[in-house]
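So this one's data.txt, compact mmCIF, C-alpha atoms:
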```txt
# COMPACT_ATOMS: atom_id res chain seq x y z
CA MET Z 289 49.31 -18.02 46.90
CA PRO Z 290 52.07 -16.82 44.55
CA LYS Z 291 51.33 -13.77 42.43
CA VAL Z 292 52.05 -13.11 38.75
CA ARG Z 293 51.35 -9.82 36.99
CA LEU Z 294 49.69 -10.55 33.64
CA ALA Z 295 49.67 -8.35 30.55
CA LEU Z 296 47.10 -9.17 27.86
CA ALA Z 297 48.49 -7.89 24.56
CA GLN Z 298 45.59 -7.05 22.22
CA THR Z 299 47.45 -6.55 18.95
CA ASN Z 300 46.24 -5.78 15.44
CA PRO Z 301 48.46 -7.99 13.26
CA THR Z 302 48.41 -7.80 9.47
CA VAL Z 303 48.00 -11.13 7.68
CA GLY Z 304 51.27 -12.07 6.01
CA ALA Z 305 53.33 -9.19 7.44
CA ILE Z 306 55.41 -11.37 9.73
CA GLN Z 307 58.26 -8.92 10.36
CA ALA Z 308 55.89 -6.04 11.09
CA ASN Z 309 53.85 -8.23 13.42
CA LEU Z 310 57.04 -9.33 15.21
CA GLU Z 311 58.04 -5.70 15.73
CA GLN Z 312 54.54 -4.95 17.02
CA ALA Z 313 54.84 -7.81 19.49
CA LEU Z 314 58.24 -6.62 20.71
CA ASP Z 315 56.84 -3.14 21.24
CA GLN Z 316 53.99 -4.53 23.34
CA ILE Z 317 56.37 -6.70 25.33
CA SER Z 318 58.63 -3.74 26.06
CA LYS Z 319 55.68 -1.64 27.25
CA ALA Z 320 54.34 -4.48 29.37
CA LYS Z 321 57.74 -5.04 30.98
CA ASP Z 322 58.02 -1.32 31.77
CA GLN Z 323 54.66 -1.58 33.55
CA GLY Z 324 55.83 -4.45 35.72
CA ALA Z 325 54.42 -7.43 33.83
CA ASP Z 326 55.78 -10.90 34.54
CA LEU Z 327 53.86 -12.72 31.80
CA VAL Z 328 52.70 -11.28 28.46
CA VAL Z 329 50.01 -13.18 26.55
CA PHE Z 330 49.12 -12.48 22.91
CA GLY Z 331 46.18 -13.48 20.76
CA GLU Z 332 45.80 -16.29 18.25
CA MET Z 333 48.23 -16.12 15.31
CA ALA Z 334 49.66 -12.80 16.50
CA ILE Z 335 52.85 -13.46 14.51
CA THR Z 336 51.13 -13.94 11.13
CA GLY Z 337 47.74 -12.32 11.50
CA TYR Z 338 44.50 -14.29 11.40
CA PRO Z 339 42.97 -16.02 9.56
CA ILE Z 340 45.81 -16.97 7.22
CA GLU Z 341 43.62 -19.17 4.99
CA ASP Z 342 45.66 -20.96 2.29
CA LEU Z 343 48.93 -19.43 3.45
CA ALA Z 344 48.81 -22.30 5.94
CA SER Z 345 49.71 -24.65 3.08
CA ARG Z 346 52.81 -22.69 2.04
CA GLU Z 347 55.80 -24.27 3.77
CA SER Z 348 58.07 -21.24 3.29
CA PHE Z 349 55.51 -19.04 5.05
CA ILE Z 350 55.17 -21.38 8.01
CA LEU Z 351 58.94 -21.68 8.37
CA GLU Z 352 59.27 -17.89 8.27
CA ALA Z 353 56.74 -17.65 11.10
CA GLU Z 354 58.67 -20.20 13.15
CA LEU Z 355 61.87 -18.25 12.53
CA ALA Z 356 60.15 -15.10 13.79
CA VAL Z 357 59.25 -16.87 17.03
CA ARG Z 358 62.86 -17.96 17.47
CA SER Z 359 63.98 -14.39 16.76
CA LEU Z 360 61.58 -13.20 19.43
CA ALA Z 361 63.04 -15.70 21.88
CA THR Z 362 66.55 -14.49 21.10
CA GLU Z 363 65.50 -10.88 21.72
CA LEU Z 364 64.07 -11.91 25.08
CA THR Z 365 67.49 -13.12 26.26
CA LYS Z 366 68.53 -9.47 26.66
CA PRO Z 367 69.06 -8.34 30.27
CA GLN Z 368 66.05 -6.01 30.30
CA TYR Z 369 63.73 -8.99 29.75
CA GLN Z 370 65.25 -11.22 32.43
CA GLY Z 371 62.60 -13.39 34.08
CA LEU Z 372 59.88 -12.44 31.61
CA ALA Z 373 57.50 -15.02 30.15
CA VAL Z 374 55.68 -14.62 26.83
CA VAL Z 375 52.95 -16.73 25.22
CA ILE Z 376 52.31 -15.96 21.55
CA GLY Z 377 50.25 -17.47 18.74
CA HIS Z 378 51.69 -18.58 15.40
CA PRO Z 379 51.56 -21.44 12.87
CA ALA Z 380 54.13 -24.24 13.00
CA MET Z 381 54.91 -27.20 10.79
CA ALA Z 382 53.29 -30.51 11.66
CA SER Z 383 55.47 -33.60 11.52
CA PRO Z 384 55.52 -35.43 8.16
CA GLN Z 385 53.54 -38.26 9.75
CA GLU Z 386 50.80 -35.84 10.83
CA GLN Z 387 50.47 -33.94 7.57
CA THR Z 388 47.40 -34.73 5.49
CA GLY Z 389 48.27 -33.54 2.01
CA TRP Z 390 46.96 -29.97 1.99
CA ALA Z 391 47.22 -29.48 5.76
CA ILE Z 392 50.90 -29.27 6.72
CA ALA Z 393 50.84 -26.94 9.74
CA LYS Z 394 49.30 -26.51 13.17
CA ASN Z 395 47.72 -23.47 14.82
CA CYS Z 396 50.05 -23.05 17.80
CA ALA Z 397 51.00 -21.09 20.88
CA SER Z 398 54.62 -21.04 22.06
CA VAL Z 399 55.73 -20.37 25.62
CA ILE Z 400 58.97 -18.42 26.00
CA ILE Z 401 60.62 -17.93 29.40
CA ASP Z 402 63.95 -16.14 29.80
CA GLY Z 403 64.43 -16.32 26.05
CA GLN Z 404 63.93 -20.10 25.89
CA ILE Z 405 61.01 -21.71 24.04
CA ILE Z 406 59.94 -24.19 26.69
CA GLY Z 407 56.83 -25.60 25.04
CA ARG Z 408 54.30 -25.38 22.24
CA TYR Z 409 50.57 -26.06 22.22
CA ALA Z 410 48.58 -26.91 19.08
CA LYS Z 411 44.89 -26.02 18.76
CA HIS Z 412 42.70 -29.10 19.08
CA HIS Z 413 39.23 -28.05 17.87
CA LEU Z 414 39.46 -26.56 14.38
CA PRO Z 415 36.38 -24.49 13.39
CA ASN Z 416 34.87 -25.34 10.04
CA TYR Z 417 31.85 -23.06 9.78
CA SER Z 418 30.94 -19.55 8.67
CA VAL Z 419 34.19 -17.73 7.75
CA PHE Z 420 36.43 -20.45 9.20
CA ASP Z 421 38.00 -23.28 7.21
CA GLU Z 422 40.60 -24.49 9.70
CA TYR Z 423 39.83 -28.17 9.42
CA ARG Z 424 41.05 -27.93 5.83
CA ASN Z 425 44.04 -25.71 6.60
CA PHE Z 426 45.48 -27.14 9.82
CA VAL Z 427 46.41 -30.38 11.51
CA PRO Z 428 44.74 -30.63 14.96
CA GLY Z 429 46.73 -31.00 18.15
CA ASN Z 430 45.83 -33.51 20.85
CA GLU Z 431 47.85 -32.64 23.96
CA LEU Z 432 47.55 -30.03 26.70
CA LEU Z 433 50.57 -27.86 27.49
CA THR Z 434 51.00 -27.03 31.18
CA PHE Z 435 54.02 -25.17 32.53
CA GLU Z 436 55.14 -23.79 35.89
CA TYR Z 437 56.13 -20.17 36.33
CA LYS Z 438 56.70 -18.25 39.55
CA GLY Z 439 55.02 -20.94 41.62
CA LEU Z 440 51.85 -21.24 39.53
CA ARG Z 441 50.73 -23.77 36.93
CA PHE Z 442 49.55 -22.36 33.59
CA SER Z 443 47.91 -24.22 30.71
CA THR Z 444 47.47 -22.88 27.18
CA VAL Z 445 44.46 -23.40 24.92
CA ILE Z 446 43.32 -21.65 21.74
CA CYS Z 447 39.92 -20.13 20.95
CA GLU Z 448 37.59 -22.88 19.67
CA ASP Z 449 39.05 -25.28 22.24
CA ILE Z 450 36.88 -23.69 24.95
CA TRP Z 451 33.74 -23.59 22.79
CA GLN Z 452 33.65 -27.36 22.28
CA GLN Z 453 33.39 -30.24 24.71
CA GLY Z 454 36.31 -32.60 25.24
CA GLY Z 455 39.88 -32.28 24.06
CA PRO Z 456 42.79 -30.84 26.04
CA VAL Z 457 40.67 -28.21 27.79
CA ALA Z 458 38.85 -30.97 29.68
CA LYS Z 459 42.17 -31.88 31.35
CA LEU Z 460 42.86 -28.51 33.00
CA ALA Z 461 41.77 -29.64 36.45
CA ASP Z 462 43.53 -33.00 36.11
CA ASN Z 463 46.76 -31.10 35.39
CA ASN Z 464 46.27 -28.93 38.50
CA THR Z 465 46.06 -25.80 36.37
CA ASP Z 466 45.95 -22.54 38.32
CA ILE Z 467 45.40 -20.25 35.32
CA ALA Z 468 44.25 -21.12 31.80
CA LEU Z 469 45.70 -18.88 29.09
CA VAL Z 470 43.23 -18.71 26.19
CA LEU Z 471 44.56 -17.21 22.93
CA ASN Z 472 41.82 -16.04 20.57
CA GLY Z 473 40.97 -14.68 17.16
CA SER Z 474 37.29 -14.15 17.92
CA PRO Z 475 35.40 -11.83 15.53
CA PHE Z 476 32.79 -9.34 16.65
CA GLU Z 477 29.10 -10.10 16.52
CA ILE Z 478 26.13 -8.77 18.47
CA ASP Z 479 26.25 -9.88 22.13
CA LYS Z 480 29.45 -11.88 21.54
CA ASP Z 481 31.10 -10.16 24.52
CA ASP Z 482 28.46 -11.52 26.88
CA LYS Z 483 28.75 -14.99 25.34
CA ARG Z 484 32.53 -15.00 25.80
CA LEU Z 485 32.27 -13.95 29.43
CA ALA Z 486 29.66 -16.62 30.18
CA LEU Z 487 31.80 -19.22 28.43
CA VAL Z 488 34.93 -18.34 30.40
CA LYS Z 489 32.98 -18.32 33.66
CA GLU Z 490 31.70 -21.80 32.84
CA LEU Z 491 35.24 -22.91 32.02
CA VAL Z 492 36.66 -21.83 35.37
CA LYS Z 493 33.70 -23.38 37.17
CA ARG Z 494 34.18 -26.77 35.48
CA GLN Z 495 37.97 -26.82 35.71
CA SER Z 496 38.52 -25.04 39.06
CA CYS Z 497 41.05 -22.55 37.72
CA ALA Z 498 41.30 -18.89 36.79
CA ALA Z 499 41.43 -17.85 33.12
CA ALA Z 500 42.97 -15.07 31.03
CA TYR Z 501 41.23 -14.72 27.65
CA VAL Z 502 43.16 -12.66 25.07
CA ASN Z 503 41.65 -11.52 21.77
CA LEU Z 504 42.90 -9.68 18.70
CA VAL Z 505 41.75 -6.22 17.64
CA GLY Z 506 41.29 -4.57 14.25
CA GLY Z 507 39.95 -5.75 10.91
CA GLN Z 508 40.92 -8.44 8.41
CA ASP Z 509 38.94 -8.77 5.18
CA ASP Z 510 35.29 -8.99 6.31
CA LEU Z 511 36.14 -9.73 9.96
CA VAL Z 512 36.38 -7.27 12.85
CA PHE Z 513 38.20 -8.35 15.99
CA ASP Z 514 36.88 -6.39 18.95
CA GLY Z 515 39.36 -7.17 21.70
CA ASP Z 516 37.30 -7.51 24.88
CA SER Z 517 40.02 -9.55 26.58
CA ILE Z 518 39.09 -10.64 30.09
CA VAL Z 519 40.48 -12.17 33.27
CA VAL Z 520 38.18 -14.29 35.44
CA ASP Z 521 39.26 -15.70 38.79
CA SER Z 522 38.69 -19.26 39.94
CA LYS Z 523 35.43 -18.25 41.63
CA GLY Z 524 34.02 -16.93 38.36
CA ARG Z 525 34.44 -13.25 39.19
CA LEU Z 526 35.43 -10.82 36.43
CA VAL Z 527 38.76 -9.35 37.53
CA ALA Z 528 39.70 -7.28 34.48
CA ARG Z 529 38.23 -6.41 31.09
CA ALA Z 530 39.89 -4.63 28.17
CA LYS Z 531 38.10 -2.50 25.62
```
Let me see the structure of the file written as structure tokens.
Amino acid sequence: MPKVRLALAQTNPTVGAIQANLEQALDQISKAKDQGADLVVFGEMAITGYPIEDLASRESFILEAELAVRSLATELTKPQYQGLAVVIGHPAMASPQEQTGWAIAKNCASVIIDGQIIGRYAKHHLPNYSVFDEYRNFVPGNELLTFEYKGLRFSTVICEDIWQQGGPVAKLADNNTDIALVLNGSPFEIDKDDKRLALVKELVKRQSCAAAYVNLVGGQDDLVFDGDSIVVDSKGRLVARAK
């Protein structure tokens, strides 16, 4: 079995501070590369902070976020990042045909390898309860993104996608996924860490793959993101857990 060294980048992005968040991401990538990482995975909306609420309806903001991702890709063409893969969360414009008036963007994850953006996944299940209003703010995606890297097949999904039945996450096994990369902006609540672990274990059991679950850290408005990123192997065993 091929081996890939994963780095789970638990960042504390500031909502709206795209340039600062980009610099934070580059710093984490540099540190991960120095520690021998092959693949660096960030949390949900790491480029813009999360949740972005009505900023999702501002086209100039979404385009700035997309430009930041392209700038990141350009930076990763430098020799010191040769061979490195990065998966990072950000908003991106939906096509004119997909836009629904207020909702003009998607909640996405881009895959960058050797400085090239090779694919983009859009969150399918948009939470619309408690503090979340994503069904109003975003256009849902409907396709799974699977890519090959160093002899393994990776698929990307985002947060709520693993909490709900159906959607792209149900196709992980059909796509021969070896490792699911789950980008999250999951706020703290009592016993949430145990719920996440049980959920990821159930995911790998159903889909016969390993999973790397990456969360944000820090606070945003009345939310606290507690990290607790985890890696679970295809047999459901906890391999690594961040604080």
Considering only C-alpha atoms, give me a table of residues in stretch 338-436 of chain Z that are at most 12 Å from stretch 495-503 of chain Z, with the closest atom pair and distance in Å for each, as JSON lines.
```
{"residue": "Z:Tyr338", "atom": "CA", "partner": "Z:Asn503", "partner_atom": "CA", "distance": 11.1}
{"residue": "Z:Val375", "atom": "CA", "partner": "Z:Val502", "partner_atom": "CA", "distance": 10.6}
{"residue": "Z:Ile376", "atom": "CA", "partner": "Z:Val502", "partner_atom": "CA", "distance": 10.3}
{"residue": "Z:Gly377", "atom": "CA", "partner": "Z:Val502", "partner_atom": "CA", "distance": 10.7}
```
At a cut-off of 10 Å around the point (38.0, -10.1, 34.0) (file coordinates), what residues fall inside when counting all atoms listed in the file? I'd like the answer as an mmCIF file with C-alpha atoms, in the frame of the given file.
```cif
data_model
loop_
_atom_site.group_PDB
_atom_site.id
_atom_site.type_symbol
_atom_site.label_atom_id
_atom_site.label_comp_id
_atom_site.auth_asym_id
_atom_site.auth_seq_id
_atom_site.Cartn_x
_atom_site.Cartn_y
_atom_site.Cartn_z
ATOM 1 C CA LEU Z 485 32.270 -13.950 29.430
ATOM 2 C CA VAL Z 488 34.930 -18.340 30.400
ATOM 3 C CA LYS Z 489 32.980 -18.320 33.660
ATOM 4 C CA ALA Z 498 41.300 -18.890 36.790
ATOM 5 C CA ALA Z 499 41.430 -17.850 33.120
ATOM 6 C CA ALA Z 500 42.970 -15.070 31.030
ATOM 7 C CA TYR Z 501 41.230 -14.720 27.650
ATOM 8 C CA ASP Z 516 37.300 -7.510 24.880
ATOM 9 C CA SER Z 517 40.020 -9.550 26.580
ATOM 10 C CA ILE Z 518 39.090 -10.640 30.090
ATOM 11 C CA VAL Z 519 40.480 -12.170 33.270
ATOM 12 C CA VAL Z 520 38.180 -14.290 35.440
ATOM 13 C CA ASP Z 521 39.260 -15.700 38.790
ATOM 14 C CA GLY Z 524 34.020 -16.930 38.360
ATOM 15 C CA ARG Z 525 34.440 -13.250 39.190
ATOM 16 C CA LEU Z 526 35.430 -10.820 36.430
ATOM 17 C CA VAL Z 527 38.760 -9.350 37.530
ATOM 18 C CA ALA Z 528 39.700 -7.280 34.480
ATOM 19 C CA ARG Z 529 38.230 -6.410 31.090
ATOM 20 C CA ALA Z 530 39.890 -4.630 28.170
#
```
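When atom CA of Z:Thr365 is paired with atom CA of Z:Gly403, their separation reads 4.4 Å.
Here atom CA of Z:Gly337 and atom CA of Z:Gly371 stand 27.1 Å from one another.
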Contacts of Z:Ala380 at 12 Å or less, counting only C-alpha atoms, minus same-chain residues fewer than 2 places along, as number ranges by chain? Z: 333, 335-336, 343-358, 377-378, 382-383, 387, 391-398, 408-411, 426-429
Shortest contact to Z:Phe513, candidates Z:Glu422, Z:Gly473, Z:Ile400, Z:Asp482, atoms counted all atoms listed in the file, goes to Z:Gly473
Would you list the contacts of Z:Lys319 as a VMD selection string, taking every protein, DNA or RNA residue within 10 Å and counting only C-alpha atoms, but skipping same-chain residues closer than 5 positions in sequence? chain Z and resid 295 297 313 to 314 324 to 325
Using all atoms listed in the file, the best pick from Z:Pro367, Z:Pro290, Z:Gly454, Z:Gly304 as closest to Z:Lys321 would be Z:Pro367
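One finds atom CA of Z:Leu504 at 13.2 Å from atom CA of Z:Asp481.
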N, CA and C atoms restored at stretch 408-439 of chain Z, emitted as a PDB file, in the coordinates of the input:
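Final output, result.pdb:
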```pdb
ATOM      1  N   ARG Z 408      55.188 -25.833  23.316  1.00  0.00           N
ATOM      2  CA  ARG Z 408      54.300 -25.380  22.240  1.00  0.00           C
ATOM      3  C   ARG Z 408      52.997 -26.168  22.308  1.00  0.00           C
ATOM      4  N   TYR Z 409      51.907 -25.447  22.218  1.00  0.00           N
ATOM      5  CA  TYR Z 409      50.570 -26.060  22.220  1.00  0.00           C
ATOM      6  C   TYR Z 409      49.956 -25.917  20.840  1.00  0.00           C
ATOM      7  N   ALA Z 410      49.268 -26.952  20.368  1.00  0.00           N
ATOM      8  CA  ALA Z 410      48.580 -26.910  19.080  1.00  0.00           C
ATOM      9  C   ALA Z 410      47.069 -26.993  19.294  1.00  0.00           C
ATOM     10  N   LYS Z 411      46.351 -26.093  18.659  1.00  0.00           N
ATOM     11  CA  LYS Z 411      44.890 -26.020  18.760  1.00  0.00           C
ATOM     12  C   LYS Z 411      44.260 -27.368  18.414  1.00  0.00           C
ATOM     13  N   HIS Z 412      43.317 -27.785  19.247  1.00  0.00           N
ATOM     14  CA  HIS Z 412      42.700 -29.100  19.080  1.00  0.00           C
ATOM     15  C   HIS Z 412      41.433 -29.034  18.217  1.00  0.00           C
ATOM     16  N   HIS Z 413      40.503 -28.175  18.602  1.00  0.00           N
ATOM     17  CA  HIS Z 413      39.230 -28.050  17.870  1.00  0.00           C
ATOM     18  C   HIS Z 413      39.386 -27.005  16.765  1.00  0.00           C
ATOM     19  N   LEU Z 414      39.268 -27.436  15.531  1.00  0.00           N
ATOM     20  CA  LEU Z 414      39.460 -26.560  14.380  1.00  0.00           C
ATOM     21  C   LEU Z 414      38.097 -26.177  13.799  1.00  0.00           C
ATOM     22  N   PRO Z 415      37.701 -24.899  13.891  1.00  0.00           N
ATOM     23  CA  PRO Z 415      36.380 -24.490  13.390  1.00  0.00           C
ATOM     24  C   PRO Z 415      36.272 -24.653  11.885  1.00  0.00           C
ATOM     25  N   ASN Z 416      35.108 -25.091  11.459  1.00  0.00           N
ATOM     26  CA  ASN Z 416      34.870 -25.340  10.040  1.00  0.00           C
ATOM     27  C   ASN Z 416      33.457 -24.884   9.684  1.00  0.00           C
ATOM     28  N   TYR Z 417      33.174 -23.626  10.023  1.00  0.00           N
ATOM     29  CA  TYR Z 417      31.850 -23.060   9.780  1.00  0.00           C
ATOM     30  C   TYR Z 417      31.987 -21.573   9.514  1.00  0.00           C
ATOM     31  N   SER Z 418      30.956 -20.986   8.957  1.00  0.00           N
ATOM     32  CA  SER Z 418      30.940 -19.550   8.670  1.00  0.00           C
ATOM     33  C   SER Z 418      32.200 -19.152   7.901  1.00  0.00           C
ATOM     34  N   VAL Z 419      32.999 -18.218   8.449  1.00  0.00           N
ATOM     35  CA  VAL Z 419      34.190 -17.730   7.750  1.00  0.00           C
ATOM     36  C   VAL Z 419      35.418 -18.615   7.994  1.00  0.00           C
ATOM     37  N   PHE Z 420      35.277 -19.640   8.811  1.00  0.00           N
ATOM     38  CA  PHE Z 420      36.430 -20.450   9.200  1.00  0.00           C
ATOM     39  C   PHE Z 420      36.516 -21.743   8.393  1.00  0.00           C
ATOM     40  N   ASP Z 421      37.742 -22.067   7.993  1.00  0.00           N
ATOM     41  CA  ASP Z 421      38.000 -23.280   7.210  1.00  0.00           C
ATOM     42  C   ASP Z 421      39.245 -23.978   7.754  1.00  0.00           C
ATOM     43  N   GLU Z 422      39.366 -24.003   9.086  1.00  0.00           N
ATOM     44  CA  GLU Z 422      40.600 -24.490   9.700  1.00  0.00           C
ATOM     45  C   GLU Z 422      40.783 -25.995   9.592  1.00  0.00           C
ATOM     46  N   TYR Z 423      39.683 -26.719   9.519  1.00  0.00           N
ATOM     47  CA  TYR Z 423      39.830 -28.170   9.420  1.00  0.00           C
ATOM     48  C   TYR Z 423      40.541 -28.544   8.122  1.00  0.00           C
ATOM     49  N   ARG Z 424      40.370 -27.717   7.110  1.00  0.00           N
ATOM     50  CA  ARG Z 424      41.050 -27.930   5.830  1.00  0.00           C
ATOM     51  C   ARG Z 424      42.498 -27.460   5.892  1.00  0.00           C
ATOM     52  N   ASN Z 425      42.742 -26.371   6.641  1.00  0.00           N
ATOM     53  CA  ASN Z 425      44.040 -25.710   6.600  1.00  0.00           C
ATOM     54  C   ASN Z 425      45.048 -26.181   7.640  1.00  0.00           C
ATOM     55  N   PHE Z 426      44.580 -26.787   8.722  1.00  0.00           N
ATOM     56  CA  PHE Z 426      45.480 -27.140   9.820  1.00  0.00           C
ATOM     57  C   PHE Z 426      45.344 -28.595  10.239  1.00  0.00           C
ATOM     58  N   VAL Z 427      46.400 -29.080  10.854  1.00  0.00           N
ATOM     59  CA  VAL Z 427      46.410 -30.380  11.510  1.00  0.00           C
ATOM     60  C   VAL Z 427      46.064 -30.154  12.981  1.00  0.00           C
ATOM     61  N   PRO Z 428      45.104 -30.870  13.557  1.00  0.00           N
ATOM     62  CA  PRO Z 428      44.740 -30.630  14.960  1.00  0.00           C
ATOM     63  C   PRO Z 428      45.784 -31.163  15.930  1.00  0.00           C
ATOM     64  N   GLY Z 429      45.899 -30.495  17.070  1.00  0.00           N
ATOM     65  CA  GLY Z 429      46.730 -31.000  18.150  1.00  0.00           C
ATOM     66  C   GLY Z 429      45.913 -31.924  19.035  1.00  0.00           C
ATOM     67  N   ASN Z 430      46.564 -32.594  19.968  1.00  0.00           N
ATOM     68  CA  ASN Z 430      45.830 -33.510  20.850  1.00  0.00           C
ATOM     69  C   ASN Z 430      46.382 -33.554  22.272  1.00  0.00           C
ATOM     70  N   GLU Z 431      47.267 -32.623  22.616  1.00  0.00           N
ATOM     71  CA  GLU Z 431      47.850 -32.640  23.960  1.00  0.00           C
ATOM     72  C   GLU Z 431      47.740 -31.265  24.611  1.00  0.00           C
ATOM     73  N   LEU Z 432      47.569 -31.264  25.924  1.00  0.00           N
ATOM     74  CA  LEU Z 432      47.550 -30.030  26.700  1.00  0.00           C
ATOM     75  C   LEU Z 432      48.972 -29.646  27.076  1.00  0.00           C
ATOM     76  N   LEU Z 433      49.269 -28.352  27.035  1.00  0.00           N
ATOM     77  CA  LEU Z 433      50.570 -27.860  27.490  1.00  0.00           C
ATOM     78  C   LEU Z 433      50.384 -27.146  28.825  1.00  0.00           C
ATOM     79  N   THR Z 434      51.028 -27.654  29.853  1.00  0.00           N
ATOM     80  CA  THR Z 434      51.000 -27.030  31.180  1.00  0.00           C
ATOM     81  C   THR Z 434      52.438 -26.745  31.592  1.00  0.00           C
ATOM     82  N   PHE Z 435      52.669 -25.539  32.105  1.00  0.00           N
ATOM     83  CA  PHE Z 435      54.020 -25.170  32.530  1.00  0.00           C
ATOM     84  C   PHE Z 435      53.954 -24.427  33.864  1.00  0.00           C
ATOM     85  N   GLU Z 436      55.046 -24.482  34.602  1.00  0.00           N
ATOM     86  CA  GLU Z 436      55.140 -23.790  35.890  1.00  0.00           C
ATOM     87  C   GLU Z 436      55.944 -22.518  35.736  1.00  0.00           C
ATOM     88  N   TYR Z 437      55.445 -21.467  36.387  1.00  0.00           N
ATOM     89  CA  TYR Z 437      56.130 -20.170  36.330  1.00  0.00           C
ATOM     90  C   TYR Z 437      55.801 -19.401  37.595  1.00  0.00           C
ATOM     91  N   LYS Z 438      56.834 -19.023  38.305  1.00  0.00           N
ATOM     92  CA  LYS Z 438      56.700 -18.250  39.550  1.00  0.00           C
ATOM     93  C   LYS Z 438      55.721 -18.908  40.532  1.00  0.00           C
ATOM     94  N   GLY Z 439      55.807 -20.222  40.635  1.00  0.00           N
ATOM     95  CA  GLY Z 439      55.020 -20.940  41.620  1.00  0.00           C
ATOM     96  C   GLY Z 439      53.602 -21.270  41.229  1.00  0.00           C
TER      97      GLY Z 439
END
```
